[in-house]
>>> print(open('final.cif').read())   # mmCIF, C-alpha atoms and all ligand atoms
data_model
loop_
_atom_site.label_atom_id
_atom_site.label_comp_id
_atom_site.auth_asym_id
_atom_site.auth_seq_id
_atom_site.Cartn_x
_atom_site.Cartn_y
_atom_site.Cartn_z
CA MET A 1 0.00 0.00 0.00
CA ALA A 2 1.15 3.49 -0.78
CA ILE A 3 2.24 5.98 1.88
CA GLU A 4 0.42 9.20 1.01
CA ARG A 5 -0.06 12.66 2.41
CA THR A 6 -3.37 14.45 2.66
CA PHE A 7 -4.32 17.98 3.68
CA SER A 8 -6.74 18.54 6.56
CA ILE A 9 -8.45 21.58 8.05
CA ILE A 10 -10.13 21.56 11.44
CA LYS A 11 -12.83 24.12 10.66
CA PRO A 12 -14.07 27.08 12.78
CA ASP A 13 -17.09 25.26 14.25
CA ALA A 14 -14.69 22.71 15.77
CA THR A 15 -11.93 25.10 16.94
CA LYS A 16 -14.58 27.32 18.59
CA ARG A 17 -15.94 24.34 20.55
CA ASN A 18 -12.42 23.33 21.69
CA LEU A 19 -12.51 20.10 19.67
CA THR A 20 -9.02 20.21 18.10
CA GLY A 21 -7.72 17.49 20.40
CA ALA A 22 -10.85 15.36 20.01
CA VAL A 23 -10.54 15.47 16.20
CA ASN A 24 -6.82 14.72 16.43
CA ALA A 25 -7.54 11.70 18.64
CA VAL A 26 -9.76 10.21 15.90
CA ILE A 27 -7.08 10.93 13.28
CA GLU A 28 -4.33 9.29 15.32
CA ALA A 29 -6.47 6.31 16.34
CA ALA A 30 -6.97 5.61 12.62
CA GLY A 31 -3.21 5.30 12.19
CA LEU A 32 -2.63 8.60 10.43
CA GLN A 33 0.34 10.66 11.62
CA ILE A 34 -0.02 14.45 11.98
CA VAL A 35 3.27 15.46 10.32
CA ALA A 36 2.56 19.22 10.19
CA GLN A 37 0.04 21.39 12.01
CA LYS A 38 -0.63 25.07 12.67
CA ARG A 39 -3.48 27.22 13.93
CA ILE A 40 -4.12 30.16 11.61
CA ARG A 41 -6.74 32.74 10.84
CA MET A 42 -7.53 32.28 7.13
CA SER A 43 -7.76 35.50 5.12
CA LEU A 44 -10.67 36.05 2.74
CA PRO A 45 -8.41 35.79 -0.36
CA GLU A 46 -6.89 32.56 1.01
CA ALA A 47 -10.34 31.06 1.64
CA ARG A 48 -11.59 32.11 -1.81
CA LYS A 49 -8.50 30.59 -3.44
CA PHE A 50 -8.75 27.39 -1.42
CA TYR A 51 -12.41 26.82 -2.36
CA ALA A 52 -12.19 28.28 -5.91
CA VAL A 53 -13.55 25.01 -7.37
CA HIS A 54 -16.86 25.83 -5.65
CA LYS A 55 -17.02 29.50 -6.73
CA GLU A 56 -20.15 29.02 -8.89
CA ARG A 57 -22.01 27.06 -6.18
CA PRO A 58 -24.81 28.78 -4.24
CA PHE A 59 -23.08 28.11 -0.91
CA PHE A 60 -19.72 29.66 -1.91
CA GLY A 61 -20.21 33.00 -0.10
CA GLU A 62 -21.47 31.30 3.05
CA LEU A 63 -18.58 28.83 2.92
CA VAL A 64 -15.78 31.40 2.68
CA ASP A 65 -17.42 33.62 5.34
CA PHE A 66 -17.55 30.58 7.64
CA MET A 67 -13.91 29.63 6.99
CA VAL A 68 -12.66 33.10 8.01
CA SER A 69 -15.03 33.44 10.99
CA ALA A 70 -12.62 31.96 13.57
CA PRO A 71 -9.22 30.25 13.64
CA VAL A 72 -8.71 26.97 11.80
CA VAL A 73 -6.06 24.29 12.24
CA VAL A 74 -4.34 23.27 9.01
CA GLN A 75 -2.60 19.92 8.97
CA VAL A 76 -0.69 17.45 6.86
CA LEU A 77 -1.59 13.81 7.58
CA GLU A 78 0.60 10.93 6.45
CA GLY A 79 -0.01 7.21 6.28
CA GLU A 80 -1.12 4.30 4.13
CA ASN A 81 -3.80 5.44 1.69
CA ALA A 82 -4.04 8.68 3.68
CA VAL A 83 -6.37 10.44 1.22
CA ALA A 84 -9.08 7.75 1.19
CA LYS A 85 -8.55 6.80 4.83
CA TYR A 86 -9.10 10.38 6.00
CA ARG A 87 -12.22 10.78 3.81
CA GLU A 88 -13.53 7.58 5.42
CA ILE A 89 -12.99 8.74 9.02
CA MET A 90 -14.32 12.24 8.23
CA GLY A 91 -17.68 10.80 7.14
CA ALA A 92 -20.18 12.19 4.64
CA THR A 93 -20.29 15.97 3.96
CA ASN A 94 -23.75 16.12 5.58
CA PRO A 95 -23.42 14.85 9.17
CA ALA A 96 -26.98 13.48 9.00
CA GLN A 97 -25.63 10.99 6.43
CA ALA A 98 -22.28 10.33 8.11
CA ALA A 99 -21.47 6.85 9.45
CA GLU A 100 -21.25 6.15 13.18
CA GLY A 101 -17.89 6.96 14.71
CA THR A 102 -16.83 9.38 11.97
CA ILE A 103 -15.62 12.88 12.85
CA ARG A 104 -18.61 14.53 11.20
CA LYS A 105 -21.11 12.18 12.86
CA LEU A 106 -19.48 12.83 16.23
CA TYR A 107 -18.90 16.57 15.96
CA ALA A 108 -20.35 18.36 12.89
CA VAL A 109 -23.14 20.89 13.35
CA SER A 110 -24.55 20.97 9.79
CA VAL A 111 -23.64 20.38 6.13
CA GLY A 112 -21.86 23.75 6.07
CA GLU A 113 -20.33 23.68 9.55
CA ASN A 114 -18.98 20.18 9.25
CA SER A 115 -15.83 20.35 11.39
CA VAL A 116 -13.20 19.10 8.93
CA HIS A 117 -11.90 19.31 5.39
CA GLY A 118 -9.89 16.55 3.71
CA SER A 119 -8.36 16.47 0.22
CA ASP A 120 -10.27 14.45 -2.38
CA SER A 121 -7.23 13.19 -4.35
CA VAL A 122 -3.46 12.85 -4.05
CA GLU A 123 -3.05 15.55 -6.72
CA ASN A 124 -5.28 18.02 -4.87
CA ALA A 125 -3.56 17.15 -1.59
CA LYS A 126 -0.22 18.29 -3.06
CA ILE A 127 -1.74 21.58 -4.25
CA GLU A 128 -3.53 22.22 -0.94
CA ILE A 129 -0.49 21.34 1.21
CA ALA A 130 1.64 23.74 -0.85
CA GLN A 131 -0.87 26.56 -0.22
CA PHE A 132 -0.21 26.40 3.55
CA PHE A 133 3.09 24.62 4.24
CA SER A 134 6.66 24.68 3.03
CA GLU A 135 8.42 21.31 2.79
CA ASN A 136 10.66 22.08 5.82
CA GLU A 137 7.57 22.44 8.05
CA ILE A 138 6.51 18.82 7.34
CA LEU A 139 8.22 16.45 9.75
CA PRO A 140 7.45 12.72 9.66
CA ALA A 141 8.76 10.75 12.67
P1 LIG B 201 -14.40 19.40 2.17
O1 LIG B 201 -14.02 19.80 0.76
O2 LIG B 201 -14.56 20.60 3.09
O3 LIG B 201 -13.51 18.34 2.72
O4 LIG B 201 -15.84 18.73 2.14
P2 LIG B 201 -16.46 17.71 1.08
O5 LIG B 201 -15.44 17.34 0.06
O6 LIG B 201 -17.10 16.63 1.88
O7 LIG B 201 -17.59 18.61 0.44
P3 LIG B 201 -17.53 19.56 -0.85
O8 LIG B 201 -18.62 19.14 -1.77
O9 LIG B 201 -16.14 19.65 -1.38
O10 LIG B 201 -17.97 20.96 -0.21
C1 LIG B 201 -17.02 21.77 0.43
C2 LIG B 201 -17.61 22.33 1.69
O11 LIG B 201 -18.63 23.28 1.36
C3 LIG B 201 -19.61 23.27 2.38
N1 LIG B 201 -20.91 22.94 1.79
N2 LIG B 201 -22.00 23.57 2.12
N3 LIG B 201 -24.70 24.42 2.29
C4 LIG B 201 -24.39 23.40 1.50
O12 LIG B 201 -25.21 22.80 0.85
C5 LIG B 201 -23.00 23.01 1.42
N4 LIG B 201 -22.50 22.04 0.64
C6 LIG B 201 -21.19 22.01 0.88
C7 LIG B 201 -19.21 22.23 3.41
O13 LIG B 201 -18.46 22.88 4.44
C8 LIG B 201 -18.31 21.33 2.59
O14 LIG B 201 -17.44 20.61 3.43
MG MG B 202 -14.27 18.76 -1.05
#
>>> encode(input="final.cif", output="structure tokens")
Amino acid sequence: MAIERTFSIIKPDATKRNLTGAVNAVIEAAGLQIVAQKRIRMSLPEARKFYAVHKERPFFGELVDFMVSAPVVVQVLEGENAVAKYREIMGATNPAQAAEGTIRKLYAVSVGENSVHGSDSVENAKIEIAQFFSENEILPA
């Protein structure tokens, strides 16, 4: 199996409720290693750039406003099949449809305020990681 990296964001609804450690516990229990992490306040241009693929969607404005509304924690996760594994433990976008034990089932508030982001492909993970981290900030054990 391939060792991959994926990009994660612990979103404002989760940082505001002091759930960074709870989310990280689920990540680590699944065997993913947090190889880079920082708490930042996303700027509006950064949020618009990050979610540019959704710019024509009706929820785009709401989404970027939410992402800049409080600090977020950006992370790089590493492990076997990290991209798919993280999507699996995040659960469905809408927490009402998320499987038991997933981060969104446990913690998300709504389809918009859904606690975490995870890359949807290895290619996008590389692009997203590069938006927030330089290679010397990523430190596998
Ligand atoms: P993410 O990109 O954040 O990991 O989430 P995802 O792949 O599961 O969902 P995606 O379709 O990429 O949507 C990105 C984020 O936009 C917000 N959203 N709001 N109000 C709505 O109907 C709606 N739909 C999506 C969510 O925060 C979602 O995670
Ligand atoms: Mg997505």
>>> closest_residue(input="final.cif", among="A:Ser110, A:Thr93, A:Asn136, A:Asn81", to="ligand LIG 201 (chain B)", atoms="all atoms listed in the file")
A:Thr93
>>> residues_around(input="final.cif", residues="Ala2 in chain A", least_positions_apart="4", cutoff="9 Å", atoms="all atoms listed in the file", output="list in words")
Gly79, Glu80, Asn81 and Ala82 of chain A
>>> closest_residue(input="final.cif", among="A:Glu46, A:Glu4, A:Asp65, A:Glu56", to="Gln131 in chain A", atoms="only C-alpha atoms")
A:Glu46
>>> residues_near_ligand(input="final.cif", ligand="ligand LIG 201 (chain B)", cutoff="6 Å", atoms="all atoms listed in the file", output="ChimeraX atom specification")
/A:59,63,93,111-114,117-118
>>> closest_residue(input="final.cif", among="A:Ser119, A:Ser134, A:Ser43, A:Thr102", to="ligand MG 202 (chain B)", atoms="only C-alpha atoms and all ligand atoms")
A:Ser119
>>> closest_atom_pairs(input="final.cif", of="chain A", to="ligand MG 202 (chain B)", cutoff="12 Å", atoms="all atoms listed in the file", output="JSON lines")
{"residue": "A:Phe7", "atom": "CA", "partner": "B:MG202", "partner_atom": "MG", "distance": 11.0}
{"residue": "A:Ser8", "atom": "CA", "partner": "B:MG202", "partner_atom": "MG", "distance": 10.7}
{"residue": "A:Ile9", "atom": "CA", "partner": "B:MG202", "partner_atom": "MG", "distance": 11.2}
{"residue": "A:Phe50", "atom": "CA", "partner": "B:MG202", "partner_atom": "MG", "distance": 10.3}
{"residue": "A:Tyr51", "atom": "CA", "partner": "B:MG202", "partner_atom": "MG", "distance": 8.4}
{"residue": "A:Ala52", "atom": "CA", "partner": "B:MG202", "partner_atom": "MG", "distance": 10.9}
{"residue": "A:Val53", "atom": "CA", "partner": "B:MG202", "partner_atom": "MG", "distance": 8.9}
{"residue": "A:His54", "atom": "CA", "partner": "B:MG202", "partner_atom": "MG", "distance": 8.8}
{"residue": "A:Leu63", "atom": "CA", "partner": "B:MG202", "partner_atom": "MG", "distance": 11.7}
{"residue": "A:Val83", "atom": "CA", "partner": "B:MG202", "partner_atom": "MG", "distance": 11.7}
{"residue": "A:Arg87", "atom": "CA", "partner": "B:MG202", "partner_atom": "MG", "distance": 9.6}
{"residue": "A:Met90", "atom": "CA", "partner": "B:MG202", "partner_atom": "MG", "distance": 11.3}
{"residue": "A:Gly91", "atom": "CA", "partner": "B:MG202", "partner_atom": "MG", "distance": 11.9}
{"residue": "A:Ala92", "atom": "CA", "partner": "B:MG202", "partner_atom": "MG", "distance": 10.5}
{"residue": "A:Thr93", "atom": "CA", "partner": "B:MG202", "partner_atom": "MG", "distance": 8.3}
{"residue": "A:Asn94", "atom": "CA", "partner": "B:MG202", "partner_atom": "MG", "distance": 11.9}
{"residue": "A:Val111", "atom": "CA", "partner": "B:MG202", "partner_atom": "MG", "distance": 11.9}
{"residue": "A:Gly112", "atom": "CA", "partner": "B:MG202", "partner_atom": "MG", "distance": 11.5}
{"residue": "A:Asn114", "atom": "CA", "partner": "B:MG202", "partner_atom": "MG", "distance": 11.4}
{"residue": "A:Val116", "atom": "CA", "partner": "B:MG202", "partner_atom": "MG", "distance": 10.0}
{"residue": "A:His117", "atom": "CA", "partner": "B:MG202", "partner_atom": "MG", "distance": 6.9}
{"residue": "A:Gly118", "atom": "CA", "partner": "B:MG202", "partner_atom": "MG", "distance": 6.8}
{"residue": "A:Ser119", "atom": "CA", "partner": "B:MG202", "partner_atom": "MG", "distance": 6.5}
{"residue": "A:Asp120", "atom": "CA", "partner": "B:MG202", "partner_atom": "MG", "distance": 6.0}
{"residue": "A:Ser121", "atom": "CA", "partner": "B:MG202", "partner_atom": "MG", "distance": 9.6}
{"residue": "A:Asn124", "atom": "CA", "partner": "B:MG202", "partner_atom": "MG", "distance": 9.8}
{"residue": "A:Ala125", "atom": "CA", "partner": "B:MG202", "partner_atom": "MG", "distance": 10.8}
{"residue": "A:Glu128", "atom": "CA", "partner": "B:MG202", "partner_atom": "MG", "distance": 11.3}
>>> write_last_selection(input="final.cif", atoms="C-alpha atoms", output="PDB file, keeping the file's coordinate frame")
ATOM      1  CA  PHE A   7      -4.320  17.980   3.680  1.00  0.00           C
ATOM      2  CA  SER A   8      -6.740  18.540   6.560  1.00  0.00           C
ATOM      3  CA  ILE A   9      -8.450  21.580   8.050  1.00  0.00           C
ATOM      4  CA  PHE A  50      -8.750  27.390  -1.420  1.00  0.00           C
ATOM      5  CA  TYR A  51     -12.410  26.820  -2.360  1.00  0.00           C
ATOM      6  CA  ALA A  52     -12.190  28.280  -5.910  1.00  0.00           C
ATOM      7  CA  VAL A  53     -13.550  25.010  -7.370  1.00  0.00           C
ATOM      8  CA  HIS A  54     -16.860  25.830  -5.650  1.00  0.00           C
ATOM      9  CA  LEU A  63     -18.580  28.830   2.920  1.00  0.00           C
ATOM     10  CA  VAL A  83      -6.370  10.440   1.220  1.00  0.00           C
ATOM     11  CA  ARG A  87     -12.220  10.780   3.810  1.00  0.00           C
ATOM     12  CA  MET A  90     -14.320  12.240   8.230  1.00  0.00           C
ATOM     13  CA  GLY A  91     -17.680  10.800   7.140  1.00  0.00           C
ATOM     14  CA  ALA A  92     -20.180  12.190   4.640  1.00  0.00           C
ATOM     15  CA  THR A  93     -20.290  15.970   3.960  1.00  0.00           C
ATOM     16  CA  ASN A  94     -23.750  16.120   5.580  1.00  0.00           C
ATOM     17  CA  VAL A 111     -23.640  20.380   6.130  1.00  0.00           C
ATOM     18  CA  GLY A 112     -21.860  23.750   6.070  1.00  0.00           C
ATOM     19  CA  ASN A 114     -18.980  20.180   9.250  1.00  0.00           C
ATOM     20  CA  VAL A 116     -13.200  19.100   8.930  1.00  0.00           C
ATOM     21  CA  HIS A 117     -11.900  19.310   5.390  1.00  0.00           C
ATOM     22  CA  GLY A 118      -9.890  16.550   3.710  1.00  0.00           C
ATOM     23  CA  SER A 119      -8.360  16.470   0.220  1.00  0.00           C
ATOM     24  CA  ASP A 120     -10.270  14.450  -2.380  1.00  0.00           C
ATOM     25  CA  SER A 121      -7.230  13.190  -4.350  1.00  0.00           C
ATOM     26  CA  ASN A 124      -5.280  18.020  -4.870  1.00  0.00           C
ATOM     27  CA  ALA A 125      -3.560  17.150  -1.590  1.00  0.00           C
ATOM     28  CA  GLU A 128      -3.530  22.220  -0.940  1.00  0.00           C
TER      29      GLU A 128
END
>>> residues_around(input="final.cif", residues="Pro71 in chain A", least_positions_apart="6", cutoff="8 Å", atoms="only C-alpha atoms", output="ChimeraX atom specification")
/A:11-12,15-16,39-42
>>> residues_near_point(input="final.cif", point="(0.2, 27.6, 11.7)", cutoff="10 Å", atoms="only C-alpha atoms", output="VMD selection string")
chain A and resid 36 to 41 71 to 75 132 to 133 137
>>> write_last_selection(input="final.cif", atoms="C-alpha atoms", output="mmCIF file, in the frame of the given file")
data_model
loop_
_atom_site.group_PDB
_atom_site.id
_atom_site.type_symbol
_atom_site.label_atom_id
_atom_site.label_comp_id
_atom_site.auth_asym_id
_atom_site.auth_seq_id
_atom_site.Cartn_x
_atom_site.Cartn_y
_atom_site.Cartn_z
ATOM 1 C CA ALA A 36 2.560 19.220 10.190
ATOM 2 C CA GLN A 37 0.040 21.390 12.010
ATOM 3 C CA LYS A 38 -0.630 25.070 12.670
ATOM 4 C CA ARG A 39 -3.480 27.220 13.930
ATOM 5 C CA ILE A 40 -4.120 30.160 11.610
ATOM 6 C CA ARG A 41 -6.740 32.740 10.840
ATOM 7 C CA PRO A 71 -9.220 30.250 13.640
ATOM 8 C CA VAL A 72 -8.710 26.970 11.800
ATOM 9 C CA VAL A 73 -6.060 24.290 12.240
ATOM 10 C CA VAL A 74 -4.340 23.270 9.010
ATOM 11 C CA GLN A 75 -2.600 19.920 8.970
ATOM 12 C CA PHE A 132 -0.210 26.400 3.550
ATOM 13 C CA PHE A 133 3.090 24.620 4.240
ATOM 14 C CA GLU A 137 7.570 22.440 8.050
#
>>> axis_aligned_box(input="final.cif", around="range 74-85 of chain A", padding_each_side="4 Å", output="AutoDock Vina command-line options")
--center_x -4.2 --center_y 13.8 --center_z 5.1 --size_x 17.7 --size_y 27.0 --size_z 15.8
>>> closest_residue(input="final.cif", among="A:Val109, A:Ile138, A:Gly61, A:Lys126", to="Arg17 in chain A", atoms="all atoms listed in the file")
A:Val109
>>> atom_distance(input="final.cif", atom1="CA of Ala108 in chain A", atom2="CA of Ile34 in chain A")
20.7 Å
>>> atom_distance(input="final.cif", atom1="CA of Leu32 in chain A", atom2="CA of Leu77 in chain A")
6.0 Å
>>> atom_distance(input="final.cif", atom1="CA of Lys55 in chain A", atom2="CA of Glu123 in chain A")
19.7 Å
>>> closest_residue(input="final.cif", among="A:Asp13, A:Leu106, A:Ile89, A:Pro95", to="Phe66 in chain A", atoms="only C-alpha atoms")
A:Asp13
>>> closest_residue(input="final.cif", among="A:Ile127, A:Val64, A:Ala96, A:Thr20", to="Pro45 in chain A", atoms="all atoms listed in the file")
A:Val64
>>> decode(input="final.cif", residues="range 64-78 of chain A", atoms="N, CA and C atoms", output="compact mmCIF listing (two decimals), in the first residue's frame")
# COMPACT_ATOMS: atom_id res chain seq x y z
N VAL A 64 -17.00 30.63 2.40
CA VAL A 64 -15.78 31.40 2.68
C VAL A 64 -15.97 32.27 3.92
N ASP A 65 -17.16 32.83 4.12
CA ASP A 65 -17.42 33.62 5.34
C ASP A 65 -17.22 32.75 6.58
N PHE A 66 -17.71 31.53 6.51
CA PHE A 66 -17.55 30.58 7.64
C PHE A 66 -16.07 30.28 7.88
N MET A 67 -15.31 30.04 6.82
CA MET A 67 -13.91 29.63 6.99
C MET A 67 -13.02 30.72 7.58
N VAL A 68 -13.46 32.00 7.44
CA VAL A 68 -12.66 33.10 8.01
C VAL A 68 -13.24 33.59 9.34
N SER A 69 -14.29 32.93 9.83
CA SER A 69 -15.03 33.44 10.99
C SER A 69 -14.32 33.19 12.32
N ALA A 70 -13.36 32.31 12.34
CA ALA A 70 -12.62 31.96 13.57
C ALA A 70 -11.36 31.21 13.13
N PRO A 71 -10.43 30.98 14.04
CA PRO A 71 -9.22 30.25 13.64
C PRO A 71 -9.53 28.84 13.12
N VAL A 72 -8.65 28.36 12.26
CA VAL A 72 -8.71 26.97 11.80
C VAL A 72 -7.36 26.33 12.11
N VAL A 73 -7.33 25.00 12.10
CA VAL A 73 -6.06 24.29 12.24
C VAL A 73 -5.80 23.56 10.93
N VAL A 74 -4.71 23.94 10.27
CA VAL A 74 -4.34 23.27 9.01
C VAL A 74 -3.31 22.21 9.33
N GLN A 75 -3.42 21.08 8.64
CA GLN A 75 -2.60 19.92 8.97
C GLN A 75 -2.18 19.15 7.72
N VAL A 76 -1.06 18.46 7.84
CA VAL A 76 -0.69 17.45 6.86
C VAL A 76 -0.73 16.10 7.58
N LEU A 77 -1.47 15.16 7.01
CA LEU A 77 -1.59 13.81 7.58
C LEU A 77 -0.87 12.83 6.66
N GLU A 78 -0.15 11.91 7.25
CA GLU A 78 0.60 10.93 6.45
C GLU A 78 0.28 9.53 6.91
